[in-house]
>>> print(open('final23.tsv').read())   # TSV, C-alpha atoms
chain	number	residue	atom	x	y	z
A	27	MET	CA	31.85	90.79	35.45
A	28	GLU	CA	31.32	87.76	37.65
A	29	ALA	CA	34.16	85.34	38.27
A	30	ARG	CA	33.54	82.08	36.44
A	31	THR	CA	34.30	78.82	38.16
A	32	LEU	CA	35.66	76.33	35.68
A	33	SER	CA	37.10	73.83	38.09
A	34	GLN	CA	34.01	71.71	38.63
A	35	PRO	CA	34.54	67.95	38.46
A	36	MET	CA	33.85	66.60	34.99
A	37	GLU	CA	31.74	63.58	34.21
A	38	LEU	CA	33.12	61.09	31.78
A	39	GLY	CA	30.88	60.23	28.85
A	40	ASP	CA	29.76	56.67	28.29
A	41	GLY	CA	31.56	55.15	25.33
A	42	SER	CA	30.56	52.07	23.43
A	43	GLY	CA	30.67	48.80	25.32
A	44	GLY	CA	30.40	50.56	28.66
A	45	VAL	CA	33.95	51.90	28.43
A	46	LEU	CA	34.36	55.38	29.84
A	47	ARG	CA	36.53	57.54	27.65
A	48	TYR	CA	37.04	61.11	26.64
A	49	SER	CA	38.83	62.15	23.50
A	50	ALA	CA	39.87	65.35	21.74
A	51	GLN	CA	42.01	66.45	18.85
A	52	ALA	CA	45.10	68.47	19.63
A	53	MET	CA	48.33	69.78	18.21
A	54	VAL	CA	50.96	67.68	19.97
A	55	SER	CA	54.50	68.90	20.72
A	56	TRP	CA	57.28	67.08	22.50
A	57	ARG	CA	60.15	68.73	24.32
A	58	VAL	CA	63.32	68.33	22.32
A	59	ARG	CA	65.80	70.00	24.67
A	60	GLU	CA	66.37	72.33	27.58
A	61	ALA	CA	68.61	75.33	27.11
A	62	PRO	CA	70.44	77.22	29.86
A	63	ILE	CA	69.59	80.90	30.37
A	64	TRP	CA	72.52	83.07	31.39
A	65	ARG	CA	72.70	86.65	32.61
A	66	GLY	CA	75.89	88.47	33.53
A	67	GLY	CA	77.88	85.26	33.28
A	68	LYS	CA	75.65	83.55	35.83
A	69	LEU	CA	73.23	80.71	35.22
A	70	LEU	CA	69.66	81.82	35.85
A	71	GLY	CA	67.88	78.61	34.91
A	72	TYR	CA	66.67	76.57	31.99
A	73	SER	CA	63.94	76.84	29.40
A	74	GLU	CA	62.50	74.06	27.31
A	75	THR	CA	62.32	74.00	23.55
A	76	MET	CA	59.32	72.20	22.14
A	77	GLY	CA	59.46	70.39	18.82
A	78	PRO	CA	57.18	71.24	15.90
A	79	PRO	CA	53.50	70.57	16.67
A	80	SER	CA	51.82	67.77	14.80
A	81	PRO	CA	48.11	66.92	14.68
A	82	GLY	CA	47.05	64.18	17.03
A	83	THR	CA	44.49	62.87	19.46
A	84	ALA	CA	44.41	62.59	23.23
A	85	THR	CA	42.17	59.93	24.74
A	86	ALA	CA	41.57	59.48	28.45
A	87	ASP	CA	39.84	56.50	29.99
A	88	ARG	CA	39.66	55.21	33.55
A	89	GLU	CA	43.10	53.63	33.44
A	90	ALA	CA	45.36	55.70	31.22
A	91	ILE	CA	45.84	58.51	28.78
A	92	SER	CA	46.75	57.77	25.18
A	93	ILE	CA	48.39	60.28	22.91
A	94	GLU	CA	48.57	59.57	19.21
A	95	SER	CA	50.32	61.89	16.81
A	96	SER	CA	52.29	61.66	13.62
A	97	GLY	CA	55.42	62.14	15.72
A	98	GLN	CA	55.35	59.98	18.85
A	99	SER	CA	52.52	58.02	20.38
A	100	GLY	CA	51.99	56.15	23.61
A	101	ARG	CA	49.73	55.20	26.46
A	102	TRP	CA	50.52	55.98	30.09
A	103	GLY	CA	48.73	54.86	33.22
A	104	TYR	CA	47.82	57.68	35.56
A	105	LEU	CA	50.24	56.42	38.19
A	106	GLU	CA	53.05	56.96	35.68
A	107	LEU	CA	52.37	60.66	35.12
A	108	ARG	CA	54.82	63.02	36.82
A	109	ALA	CA	52.97	66.35	36.54
A	110	VAL	CA	49.86	67.78	34.91
A	111	GLN	CA	49.36	71.49	34.38
A	112	THR	CA	48.16	74.12	31.98
A	113	SER	CA	50.60	76.54	30.37
A	114	SER	CA	48.93	79.47	28.64
A	115	SER	CA	46.45	77.76	26.31
A	116	SER	CA	48.09	74.33	26.37
A	117	LEU	CA	48.17	71.34	28.63
A	118	GLN	CA	51.58	70.04	29.69
A	119	ILE	CA	52.06	66.50	30.91
A	120	SER	CA	55.35	65.29	32.36
A	121	LEU	CA	55.93	61.64	31.56
A	122	PRO	CA	58.36	58.98	32.76
A	123	GLY	CA	61.87	59.26	31.39
A	124	ASP	CA	61.93	63.05	31.81
A	125	ARG	CA	59.66	63.51	28.79
A	126	LEU	CA	57.32	66.45	28.37
A	127	VAL	CA	54.39	66.63	25.99
A	128	GLN	CA	52.33	69.70	25.27
A	129	LEU	CA	48.77	69.47	23.94
A	130	CYS	CA	47.13	72.46	22.30
A	131	PHE	CA	43.51	71.39	21.89
A	132	THR	CA	41.85	72.32	18.65
A	133	VAL	CA	38.28	72.64	19.89
A	134	ASP	CA	38.54	71.89	23.59
A	135	SER	CA	39.74	73.69	26.68
A	136	PRO	CA	43.10	72.94	28.34
A	137	LYS	CA	41.49	73.73	31.69
A	138	ARG	CA	38.78	71.12	31.12
A	139	TRP	CA	41.45	68.57	30.31
A	140	GLU	CA	43.55	69.56	33.28
A	141	ASP	CA	40.53	69.07	35.55
A	142	LEU	CA	39.71	65.77	33.87
A	143	LEU	CA	43.22	64.34	34.15
A	144	ARG	CA	43.66	65.54	37.71
A	145	GLN	CA	40.40	63.85	38.67
A	146	LEU	CA	41.48	60.62	36.97
A	147	VAL	CA	44.93	60.74	38.57
A	148	ARG	CA	43.39	61.26	42.00
A	149	GLU	CA	41.05	58.31	41.45
A	150	ALA	CA	43.92	56.11	40.27
A	151	TYR	CA	46.03	56.97	43.32
A	152	GLN	CA	43.10	56.27	45.63
A	153	ARG	CA	42.36	52.95	43.92
A	154	ALA	CA	46.00	51.99	44.35
A	155	GLY	CA	45.95	53.00	48.02
A	156	ARG	CA	48.64	55.62	47.48
A	157	GLY	CA	46.87	58.48	49.24
A	158	PHE	CA	45.28	61.76	48.29
A	159	VAL	CA	47.03	63.76	45.57
A	160	ARG	CA	47.40	67.32	46.79
A	161	GLU	CA	49.72	68.79	44.14
A	162	PHE	CA	50.00	68.17	40.42
A	163	GLN	CA	52.94	70.45	39.66
A	164	PRO	CA	55.91	70.62	39.70
A	165	ARG	CA	55.34	66.97	40.56
A	166	ILE	CA	52.44	64.83	41.64
A	167	ALA	CA	52.62	64.72	45.42
A	168	VAL	CA	50.41	62.84	47.86
A	169	ARG	CA	49.72	63.11	51.55
B	25	MET	CA	71.66	102.33	33.10
B	26	THR	CA	70.54	98.71	33.25
B	27	TRP	CA	68.09	97.15	30.78
B	28	TYR	CA	65.63	96.88	33.66
B	29	GLU	CA	65.79	100.64	34.17
B	30	PHE	CA	65.62	101.17	30.41
B	31	PHE	CA	62.40	99.17	30.08
B	32	ARG	CA	60.80	100.30	33.32
B	33	PRO	CA	59.21	103.36	31.67
B	34	VAL	CA	57.34	100.95	29.38
B	35	ALA	CA	55.86	99.22	32.42
B	36	LYS	CA	55.13	102.59	33.98
B	37	GLY	CA	53.42	103.67	30.75
B	38	ILE	CA	51.15	100.61	30.89
B	39	SER	CA	50.53	101.36	34.55
B	40	VAL	CA	49.53	104.92	33.68
B	41	VAL	CA	46.95	103.53	31.24
B	42	VAL	CA	45.61	100.98	33.76
B	43	ARG	CA	45.82	103.51	36.64
B	44	PRO	CA	45.96	100.99	39.49
B	45	LYS	CA	45.25	102.17	43.00
B	46	ILE	CA	48.31	101.48	45.14
B	47	GLU	CA	48.29	101.02	48.91
B	48	GLY	CA	51.03	100.15	51.39
B	49	ARG	CA	54.02	101.08	49.26
B	50	GLU	CA	55.73	102.15	52.49
B	51	ASN	CA	55.86	98.46	53.46
B	52	ILE	CA	58.45	97.73	50.77
B	53	PRO	CA	61.89	97.61	52.42
B	54	ARG	CA	64.22	100.31	51.12
B	55	GLN	CA	67.21	98.00	51.30
B	56	GLY	CA	68.10	94.41	51.94
B	57	PRO	CA	66.75	91.16	50.57
B	58	PHE	CA	63.09	90.22	50.64
B	59	PHE	CA	60.51	88.10	48.89
B	60	LEU	CA	57.62	89.87	47.25
B	61	ILE	CA	54.73	87.43	46.88
B	62	ALA	CA	51.55	88.22	45.01
B	63	ASN	CA	48.43	86.48	43.85
B	64	HIS	CA	48.33	86.08	40.07
B	65	GLN	CA	45.18	87.09	38.24
B	66	SER	CA	46.39	88.40	34.93
B	67	VAL	CA	49.32	88.93	32.61
B	68	LEU	CA	49.16	92.55	33.76
B	69	ASP	CA	50.26	91.69	37.32
B	70	PRO	CA	54.03	91.51	36.82
B	71	ILE	CA	54.01	94.70	34.76
B	72	LEU	CA	51.99	96.64	37.33
B	73	ILE	CA	54.00	95.30	40.26
B	74	GLN	CA	57.37	96.06	38.67
B	75	ALA	CA	56.16	99.53	37.66
B	76	ASN	CA	54.92	100.36	41.13
B	77	CYS	CA	57.40	98.62	43.39
B	78	SER	CA	60.02	101.07	44.62
B	79	ARG	CA	62.71	98.37	44.49
B	80	ILE	CA	64.11	96.50	41.52
B	81	VAL	CA	62.70	92.96	41.66
B	82	HIS	CA	63.67	89.68	40.03
B	83	SER	CA	60.54	87.75	39.09
B	84	PHE	CA	59.98	84.03	38.76
B	85	THR	CA	58.71	83.52	35.20
B	86	LYS	CA	57.58	80.30	33.59
B	87	SER	CA	60.36	78.84	31.49
B	88	THR	CA	58.06	78.43	28.48
B	89	GLN	CA	58.09	82.20	28.04
B	90	PHE	CA	61.81	82.17	27.35
B	91	SER	CA	61.37	79.93	24.34
B	92	SER	CA	58.42	81.82	22.89
B	93	GLY	CA	60.63	83.73	20.44
B	94	ALA	CA	63.97	85.44	19.99
B	95	VAL	CA	62.72	88.71	21.47
B	96	ALA	CA	61.46	87.05	24.65
B	97	ARG	CA	64.65	85.05	24.98
B	98	TRP	CA	66.74	88.22	24.74
B	99	LEU	CA	64.49	90.51	26.74
B	100	LEU	CA	63.32	88.43	29.71
B	101	PRO	CA	66.71	87.90	31.39
B	102	ARG	CA	67.41	91.63	30.98
B	103	ILE	CA	64.26	92.62	32.85
B	104	ASN	CA	65.21	90.30	35.70
B	105	ALA	CA	62.96	87.38	34.84
B	106	ILE	CA	64.11	84.07	36.32
B	107	PRO	CA	63.14	81.00	34.24
B	108	THR	CA	61.16	78.52	36.29
B	109	ARG	CA	60.38	75.05	35.03
B	110	ARG	CA	56.95	74.24	36.37
B	111	TYR	CA	56.67	70.74	34.92
B	112	ARG	CA	59.40	69.36	37.17
B	113	VAL	CA	61.17	70.18	40.41
B	114	ASP	CA	63.67	72.87	39.47
B	115	PRO	CA	66.65	73.11	41.84
B	116	GLN	CA	68.35	75.76	39.70
B	117	VAL	CA	65.61	78.32	40.34
B	118	VAL	CA	66.10	77.76	44.08
B	119	ARG	CA	69.84	78.31	43.74
B	120	THR	CA	69.29	81.47	41.68
B	121	ALA	CA	66.77	82.90	44.14
B	122	LEU	CA	69.01	82.21	47.15
B	123	ARG	CA	72.00	83.77	45.37
B	124	LEU	CA	70.05	86.93	44.54
B	125	LEU	CA	68.79	87.21	48.11
B	126	GLU	CA	72.34	86.80	49.41
B	127	GLU	CA	73.29	89.71	47.16
B	128	GLY	CA	70.59	91.82	48.86
B	129	GLU	CA	68.11	91.71	45.98
B	130	ALA	CA	64.33	91.38	45.99
B	131	VAL	CA	62.71	88.30	44.47
B	132	CYS	CA	59.08	88.26	43.33
B	133	ILE	CA	57.14	85.00	43.29
B	134	TYR	CA	53.56	84.21	42.40
B	135	PRO	CA	53.13	81.32	44.82
B	136	GLU	CA	49.94	79.99	43.25
B	137	GLY	CA	52.19	78.79	40.42
B	138	GLU	CA	50.01	80.06	37.58
B	139	ARG	CA	47.45	82.69	36.66
B	140	SER	CA	44.03	82.09	38.09
B	141	TRP	CA	41.40	80.73	35.70
B	142	ASP	CA	38.48	82.15	37.64
B	143	GLY	CA	39.96	85.14	39.46
B	144	LEU	CA	39.98	83.34	42.80
B	145	LEU	CA	43.04	82.75	44.95
B	146	GLN	CA	44.40	79.23	44.44
B	147	PRO	CA	46.25	77.09	46.99
B	148	LEU	CA	49.90	78.09	47.28
B	149	ARG	CA	52.63	75.77	46.04
B	150	ARG	CA	54.33	74.02	48.91
B	151	GLY	CA	57.73	74.22	47.25
B	152	THR	CA	57.51	78.00	47.13
B	153	VAL	CA	56.72	78.20	50.83
B	154	ARG	CA	59.62	75.83	51.55
B	155	LEU	CA	61.92	78.20	49.67
B	156	ILE	CA	60.62	81.15	51.71
B	157	LEU	CA	61.27	79.25	54.93
B	158	LYS	CA	64.74	78.21	53.80
B	159	ALA	CA	65.75	81.75	52.83
B	160	GLY	CA	64.53	83.29	56.05
B	161	VAL	CA	64.19	86.81	54.65
B	162	ALA	CA	61.22	89.14	55.04
B	163	VAL	CA	58.16	88.40	52.94
B	164	VAL	CA	56.18	91.34	51.59
B	165	PRO	CA	52.72	90.18	50.48
B	166	CYS	CA	50.97	91.99	47.65
B	167	GLY	CA	47.27	91.50	47.00
B	168	VAL	CA	46.12	92.15	43.44
B	169	SER	CA	42.45	92.67	42.70
B	170	GLY	CA	40.63	93.74	39.57
B	171	SER	CA	43.27	92.65	37.08
B	172	PHE	CA	41.38	89.43	36.36
B	173	GLN	CA	38.40	91.47	35.22
B	174	ALA	CA	40.76	93.76	33.30
B	175	TRP	CA	42.41	90.92	31.38
B	176	PRO	CA	41.43	87.38	32.31
B	177	ARG	CA	43.57	84.50	31.21
B	178	TRP	CA	41.03	83.26	28.71
B	179	SER	CA	40.54	86.61	26.96
B	180	ARG	CA	42.54	87.93	24.04
B	181	ARG	CA	41.94	91.58	24.81
B	182	PRO	CA	42.12	93.73	27.93
B	183	ARG	CA	39.26	95.90	29.10
B	184	ARG	CA	38.98	98.81	31.47
B	185	ASN	CA	38.51	97.82	35.09
B	186	PRO	CA	39.79	99.33	38.34
B	187	VAL	CA	42.88	97.49	39.55
B	188	HIS	CA	44.11	97.58	43.12
B	189	LEU	CA	47.56	96.65	44.47
B	190	ARG	CA	47.91	96.39	48.24
B	191	PHE	CA	51.36	95.82	49.74
B	192	GLY	CA	51.09	94.32	53.21
B	193	THR	CA	53.43	94.60	56.15
B	194	PRO	CA	56.49	92.34	55.95
B	195	ILE	CA	56.18	88.88	57.48
B	196	HIS	CA	59.14	87.19	59.16
B	197	PHE	CA	59.07	83.42	59.43
B	198	GLY	CA	62.70	83.09	60.45
B	199	ARG	CA	65.27	80.91	58.76
B	200	HIS	CA	64.67	77.16	58.71
B	201	ASP	CA	67.78	75.54	57.29
B	202	ILE	CA	66.97	72.04	58.42
B	203	ARG	CA	64.38	70.22	56.37
B	204	ALA	CA	62.58	68.76	59.39
B	205	GLU	CA	62.22	72.28	60.81
B	206	ARG	CA	60.75	73.55	57.56
B	207	GLU	CA	58.26	70.69	57.35
B	208	ALA	CA	57.18	71.30	60.94
B	209	VAL	CA	56.13	74.88	60.23
B	210	LEU	CA	55.17	74.49	56.57
B	211	ASP	CA	51.41	74.12	56.98
B	212	ASP	CA	51.16	77.06	59.37
B	213	ALA	CA	53.26	79.27	57.10
B	214	MET	CA	51.16	78.31	54.08
B	215	GLU	CA	47.93	79.04	55.88
B	216	ARG	CA	49.23	82.39	57.11
B	217	LEU	CA	50.39	83.46	53.65
B	218	GLU	CA	47.11	82.37	52.09
B	219	MET	CA	45.13	84.30	54.66
B	220	VAL	CA	47.23	87.43	54.15
B	221	LEU	CA	46.99	87.26	50.36
B	222	ALA	CA	43.27	86.59	50.61
B	223	ASP	CA	42.74	89.58	52.86
B	224	LEU	CA	44.89	91.90	50.74
B	225	SER	CA	43.19	90.84	47.51
B	226	GLY	CA	39.71	90.75	49.03
B	227	GLN	CA	39.10	87.08	48.28
B	228	PRO	CA	38.28	83.98	50.26
B	229	SER	CA	41.26	81.88	51.26
B	230	PRO	CA	41.38	78.58	49.31
B	231	HIS	CA	41.85	76.65	52.54
B	232	ARG	CA	39.35	78.53	54.66
B	233	THR	CA	36.95	75.88	55.91
B	234	LYS	CA	34.42	78.12	57.56
B	235	PRO	CA	33.00	81.50	56.60
B	236	PRO	CA	35.12	84.49	57.62
B	237	SER	CA	33.90	86.38	60.67
B	238	GLY	CA	31.13	88.73	59.69
B	239	ASP	CA	29.76	86.39	57.06
B	240	ALA	CA	28.67	83.77	59.54
B	241	GLY	CA	24.99	83.76	60.14
B	242	ALA	CA	24.35	86.33	57.44
>>> encode(input="final23.tsv", output="structure tokens")
Amino acid sequence: MEARTLSQPMELGDGSGGVLRYSAQAMVSWRVREAPIWRGGKLLGYSETMGPPSPGTATADREAISIESSGQSGRWGYLELRAVQTSSSSLQISLPGDRLVQLCFTVDSPKRWEDLLRQLVREAYQRAGRGFVREFQPRIAVR
Amino acid sequence: MTWYEFFRPVAKGISVVVRPKIEGRENIPRQGPFFLIANHQSVLDPILIQANCSRIVHSFTKSTQFSSGAVARWLLPRINAIPTRRYRVDPQVVRTALRLLEEGEAVCIYPEGERSWDGLLQPLRRGTVRLILKAGVAVVPCGVSGSFQAWPRWSRRPRRNPVHLRFGTPIHFGRHDIRAEREAVLDDAMERLEMVLADLSGQPSPHRTKPPSGDAGA
């Protein structure tokens, strides 16, 4: 079996009115808390507990990502994002205010969305003159 | 008997089914602290490594796993999994790793930060290499090949495919307590680790800018 390369840059589709946007339905979960993990009376670390998933939509355009769900909704510019990464079959985005949202796409690939967002974040950082983004997790870091 | 020892036969049983070819086991230190670093191709990797490593290892594991059910939450700490939050800088995982190393234990890290989507080696996380430089203990590299084909990340079922684990000779970077010292050697250390993992797993290095010798002019 040949290795498949999925990390090619994605092209954004042309929306109406010349606006570039990309949208997909997803089950949206928000982190509700972090719990300590102990072993032998010693703290090992923390794990996050995600809230119940609710149906929603993620929309990415040149400037920002919007997440709409029956729980919480919002729009964040790419310079505001703290980290972008896949986790199993979901996409995790760290947001300002120590918030974490997890998107489990209904008919799309988390890897495609990770590539898309990373490309858009890189472009936003370059437009803002903030350098080349070389890491997207555990935090977005530039050189 | 510890829970780790209790569950190790399960890992060994899976390893018997997969039948990985193991090389370089003699490179694993018999005592003392060390980092075991491996490329991450498949969910099989930690099982095969823990089954075939002669030392008990504590493995960095993504924190999400610990909240994936009551069984995982109970079991993972008992088989020496260390929860690692990947969506933010996690100082606690650094403290835990340094404590275990001070106690003479072995700590396993997958420095790419996640399973590969395409089977290829990904760039290593800089924070992981910083931790290695701060700890100053030996680093035993382990190249995994074939496990991506056996059970790729995007597949629900495993399939038969030869899997190879190659343990390399320990690398010593020395201890770099001062941040400026770590930053000065960080790029070189990253490149060296990537080259070693690439060679052991039979893959191109993610940062290799020109073809490896032998390929040039082919």
>>> residues_around(input="final23.tsv", residues="Glu161 (chain A)", least_positions_apart="4", cutoff="9 Å", atoms="only C-alpha atoms", output="PyMOL selection string")
(chain A and resi 109+165-168) or (chain B and resi 149-150)
>>> residues_around(input="final23.tsv", residues="Tyr104 (chain A)", least_positions_apart="3", cutoff="10 Å", atoms="all atoms listed in the file", output="list in words")
Ala86, Asp87, Arg88, Glu89, Ala90, Ile91, Arg101, Leu107, Arg108, Leu121, Leu143, Arg144, Leu146, Val147, Arg148, Glu149, Ala150 and Tyr151 of chain A
>>> write_last_selection(input="final23.tsv", atoms="C-alpha atoms", output="mmCIF file, in the frame of the given file")
data_model
loop_
_atom_site.group_PDB
_atom_site.id
_atom_site.type_symbol
_atom_site.label_atom_id
_atom_site.label_comp_id
_atom_site.auth_asym_id
_atom_site.auth_seq_id
_atom_site.Cartn_x
_atom_site.Cartn_y
_atom_site.Cartn_z
ATOM 1 C CA ALA A 86 41.570 59.480 28.450
ATOM 2 C CA ASP A 87 39.840 56.500 29.990
ATOM 3 C CA ARG A 88 39.660 55.210 33.550
ATOM 4 C CA GLU A 89 43.100 53.630 33.440
ATOM 5 C CA ALA A 90 45.360 55.700 31.220
ATOM 6 C CA ILE A 91 45.840 58.510 28.780
ATOM 7 C CA ARG A 101 49.730 55.200 26.460
ATOM 8 C CA LEU A 107 52.370 60.660 35.120
ATOM 9 C CA ARG A 108 54.820 63.020 36.820
ATOM 10 C CA LEU A 121 55.930 61.640 31.560
ATOM 11 C CA LEU A 143 43.220 64.340 34.150
ATOM 12 C CA ARG A 144 43.660 65.540 37.710
ATOM 13 C CA LEU A 146 41.480 60.620 36.970
ATOM 14 C CA VAL A 147 44.930 60.740 38.570
ATOM 15 C CA ARG A 148 43.390 61.260 42.000
ATOM 16 C CA GLU A 149 41.050 58.310 41.450
ATOM 17 C CA ALA A 150 43.920 56.110 40.270
ATOM 18 C CA TYR A 151 46.030 56.970 43.320
#
>>> atom_distance(input="final23.tsv", atom1="CA of Lys68 (chain A)", atom2="CA of Pro57 (chain B)")
18.8 Å
>>> interface_residues(input="final23.tsv", of="chain A", to="chain B", cutoff="10 Å", atoms="only C-alpha atoms", output="JSON, numbers by chain")
{"A": [27, 28, 29, 30, 31, 32, 33, 60, 61, 62, 63, 64, 65, 66, 68, 69, 70, 71, 72, 73, 74, 75, 76, 108, 109, 110, 111, 112, 113, 114, 115, 118, 119, 120, 121, 124, 125, 126, 135, 137, 160, 161, 162, 163, 164, 165, 166]}
>>> residues_around(input="final23.tsv", residues="region 50-52 of chain A", least_positions_apart="3", cutoff="12 Å", atoms="only C-alpha atoms", output="ChimeraX atom specification")
/A:47,55,79-86,91-96,115-117,127-136,138-139
>>> atom_distance(input="final23.tsv", atom1="CA of Glu215 (chain B)", atom2="CA of Ile202 (chain B)")
20.4 Å
>>> closest_residue(input="final23.tsv", among="B:Tyr28, B:Arg184, B:Ala162, B:Ile133", to="Ile52 (chain B)", atoms="all atoms listed in the file")
B:Ala162
>>> closest_residue(input="final23.tsv", among="B:Ala159, B:Val209, B:Leu145, B:Ala62", to="Leu189 (chain B)", atoms="all atoms listed in the file")
B:Ala62
>>> atom_distance(input="final23.tsv", atom1="CA of Val131 (chain B)", atom2="CA of Pro186 (chain B)")
26.2 Å
